[in-house]
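Taking it in order: structure first as structure tokens, then the write-up.
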Amino acid sequence: MSLNAARGIFFCLFAFLAAFIAPIFMLFPLLPLLFLPPIVKPTIFRKIVDPLIWYWESLLVGLLDHVACVKTVITGDRIRSDDHCLFLMNHRTRLDWMFFWPCLFKLNAMRHERVVLKGQLKHVPGPGWSMQFGLFVFIQRKWELDKLFLTKILDHFRDVKNTAQLLLFPEGTDLTPFTKTRSDAFAEKNGLPKFNYVLHPRTTGFTFLAQHMKKNGTLDAIYDITIGYPVNIPQNELSLFKGDFPQEVHYHIKRNPCHQIPDTEKGLVSWCQERWSEKEERLEQFYAQKHFSEPQTVSPDSRNLQSFFTVISWLVLLFFQVWMLVNFSLIRWYALFALATMLFIDLRLGGLDNFQIDTYNKLFRAKND
């Protein structure tokens with residue numbers, strides 16, 4: 001077995017085990033807090049759960065830094081950790097959302113980010129449940145249903161005064177020969193230029209999110225983020241298992257304050273399309289030079305020591321939890337009960353994300369209104 005393959009197997013198994021164990025021992029015991037009155041600005045539940053989700057995400061950062069040895073290069077603006085915002089990113093691979101976490105970690109801006117993901121990922125035991133606890137935004141790609149859920153979750157962030165930073169891929173899918181062919185057909189039909197480095201964005205979800213967040217007073221900025229892979233481009237999860245990690249991932253960040261963003265749907269569509277035309281030009285130059293032309297924002301090694309100790313702490317934590325499972329029948333019965341309960345909530349009650357929001361709305365929102 002090659003070194004790269006060994007690294008890939010270790011990365012995937014460690015990441016999956018942590019994501020599977022975390023909901024059982026770290027998150028499930030906190031569910032009763034949903035029923036306590038929100039006597040602090042975030043609900044008690046969110047105030048405790050959000051740092052634990054950050055701790056889980058930090059493990060992936062540490063593994064990417066020290067097992068996969070991925071170098072993260074950042075240019076452009078810094079991300080303000082307290083911004084209520086949208087992150088708009090081109091979708092080069094299916095793994096862009098995960099590679100973005102080291103970028104946020106190095107900018108000290110990872111605590112409030114949620115990813116807008118396709119609904120199938122919600123039901124993956126372990127990782128899907130962790131993301132449900134974190135209120136990641138899962139969409140079904142059926143606009144009538146997605147509009148209702150987006151309204152529900154955005155209003156919940158407003159009601160519990162929780163900072164929401166949503167990562168959205170307006171292209172809707174990653175760049176492949178097949179999706180590029182579809183994008184070219186769309187461009188030809190609508191009299192638009194054909195792109196080589198990005199796909200034409202779908203703007204329905206973006207315009208709704210921007211307008212509704214503005215309406216709720218929870219949009220401080222929209223960050224236009226361009227991601228590029230100068231050497232190799234792992235397209236999917238199988239690439240990671242084989243140890244095919246990118247040597248470098250580059251990000252260029254542009255912060256657009258809310259007052260510079262159009263209010264109308266038509267204006268937002270044009271604004272988004274202009275950003276994607278700029279991305280095409282920037283990426284054409286990037287792949288010619290293998291880097292963005294602007295100065296780096298932070299050192300690629302920023303906070304590497306912290307991410308290293310995060311991996312060590314997770315190793316100790318997982319060893320202890322597995323040891324308890326092996327040696328104590330009571331812990332095994334508890335784990336089975338937690339798994340069965342989370343599976344029931346996931347399949348019968350709409351998921352742990354809906355369960356959180358519905359519980360808050362039934363118990364507290366009517367009183368607050």
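Going by the structure tokens order, chains are called A, B, ..., each with residues numbered from 1, while ligands are numbered from 1 in the order shown.
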Applying 8 Å and only C-alpha atoms, which residues near Phe105 (chain A) remain after dropping the ones on its own chain fewer than 3 positions away? List them as a ChimeraX atom specification.
/A:58,61,101-102,108-110,303
Using only C-alpha atoms, which protein or nucleic acid residues come within 10 Å of Ile331 (chain A)? Drop anything in the same chain fewer than 6 positions from it, and give the result as a short mmCIF file (atom, residue, chain, number, x, y, z; two decimals) with N, CA, C and O atoms, in the first residue's frame.
```
data_model
loop_
_atom_site.label_atom_id
_atom_site.label_comp_id
_atom_site.auth_asym_id
_atom_site.auth_seq_id
_atom_site.Cartn_x
_atom_site.Cartn_y
_atom_site.Cartn_z
N PHE A 25 -22.27 10.77 21.80
CA PHE A 25 -21.75 11.10 23.12
C PHE A 25 -21.70 12.60 23.41
O PHE A 25 -21.70 12.99 24.59
N GLN A 321 -13.85 6.92 24.31
CA GLN A 321 -15.24 6.57 24.03
C GLN A 321 -15.36 5.14 23.52
O GLN A 321 -16.29 4.42 23.91
N VAL A 322 -14.45 4.72 22.66
CA VAL A 322 -14.47 3.34 22.18
C VAL A 322 -14.17 2.38 23.33
O VAL A 322 -14.79 1.32 23.45
N MET A 324 -14.95 2.80 26.45
CA MET A 324 -16.18 2.69 27.25
C MET A 324 -17.19 1.77 26.58
O MET A 324 -17.85 0.97 27.24
N LEU A 325 -17.31 1.89 25.25
CA LEU A 325 -18.25 1.02 24.54
C LEU A 325 -17.87 -0.45 24.67
O LEU A 325 -18.74 -1.32 24.80
N PHE A 337 -29.71 3.26 22.31
CA PHE A 337 -30.87 4.14 22.52
C PHE A 337 -30.69 5.46 21.77
O PHE A 337 -31.62 5.95 21.11
#
```
Contacts of Asn90 (chain A) at 8 Å (only C-alpha atoms; same-chain gap of 3+ positions) as JSON, numbers by chain:
{"A": [169, 170, 171, 198, 199, 225, 226, 227]}
With N, CA and C atoms retained, could you export that selection as a tab-separated table (two decimals), in the first residue's frame?
```tsv
chain	number	residue	atom	x	y	z
A	169	PHE	N	-23.47	27.49	-3.12
A	169	PHE	CA	-22.89	27.28	-4.44
A	169	PHE	C	-23.97	27.56	-5.48
A	170	PRO	N	-24.04	28.77	-6.02
A	170	PRO	CA	-25.12	29.09	-6.96
A	170	PRO	C	-25.13	28.24	-8.22
A	171	GLU	N	-24.00	27.64	-8.57
A	171	GLU	CA	-23.98	26.78	-9.76
A	171	GLU	C	-24.82	25.52	-9.57
A	198	VAL	N	-16.00	28.04	-14.79
A	198	VAL	CA	-17.16	28.04	-13.90
A	198	VAL	C	-18.39	27.64	-14.71
A	199	LEU	N	-19.48	27.34	-14.00
A	199	LEU	CA	-20.77	27.09	-14.63
A	199	LEU	C	-21.64	28.33	-14.45
A	225	ILE	N	-16.40	34.48	-3.11
A	225	ILE	CA	-15.22	33.66	-2.87
A	225	ILE	C	-14.93	32.81	-4.11
A	226	THR	N	-13.71	32.90	-4.59
A	226	THR	CA	-13.27	32.12	-5.75
A	226	THR	C	-12.26	31.09	-5.28
A	227	ILE	N	-12.53	29.82	-5.60
A	227	ILE	CA	-11.65	28.73	-5.19
A	227	ILE	C	-10.94	28.17	-6.41
```
Distance table requested - region 150-186 of chain A against region 123-146 of chain A, cut-off 12 Å, only C-alpha atoms: one row per qualifying residue with the closest atom pair and its distance in Å to one decimal, ordered by chain and rising residue number, as a tab-separated table.
```
residue	atom	partner	partner_atom	distance
A:Leu150	CA	A:Asp146	CA	5.9
A:Thr151	CA	A:Asp146	CA	8.4
A:Lys152	CA	A:Asp146	CA	9.7
A:Ile153	CA	A:Val137	CA	7.9
A:Leu154	CA	A:Val137	CA	9.7
A:His156	CA	A:Leu135	CA	10.1
A:Phe157	CA	A:Leu135	CA	9.5
A:Asn162	CA	A:Leu135	CA	10.9
A:Thr163	CA	A:Leu135	CA	11.8
A:Ala164	CA	A:Leu135	CA	9.7
A:Gln165	CA	A:Phe136	CA	10.2
A:Leu166	CA	A:Val137	CA	8.2
A:Leu167	CA	A:Val137	CA	9.3
A:Leu168	CA	A:Val137	CA	9.6
A:Gly172	CA	A:Arg141	CA	9.2
A:Thr173	CA	A:Arg141	CA	11.3
```
Quote the spacing between CA of Arg348 (chain A) and CA of Gly119 (chain A) in Å to one decimal place.
15.3 Å
Can you tell me how far CA of Phe28 (chain A) sits from CA of Phe14 (chain A), in Å to one decimal?
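About the pair CA of Phe28 (chain A) and CA of Phe14 (chain A): they are 20.2 Å apart.
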Write out as an MDAnalysis selection string the set of residues from region 104-294 of chain A that DSSP, computed on the backbone, places in strand (DSSP E or B).
chainID A and resid 113:118 137:139 165:168 221:228 248:257
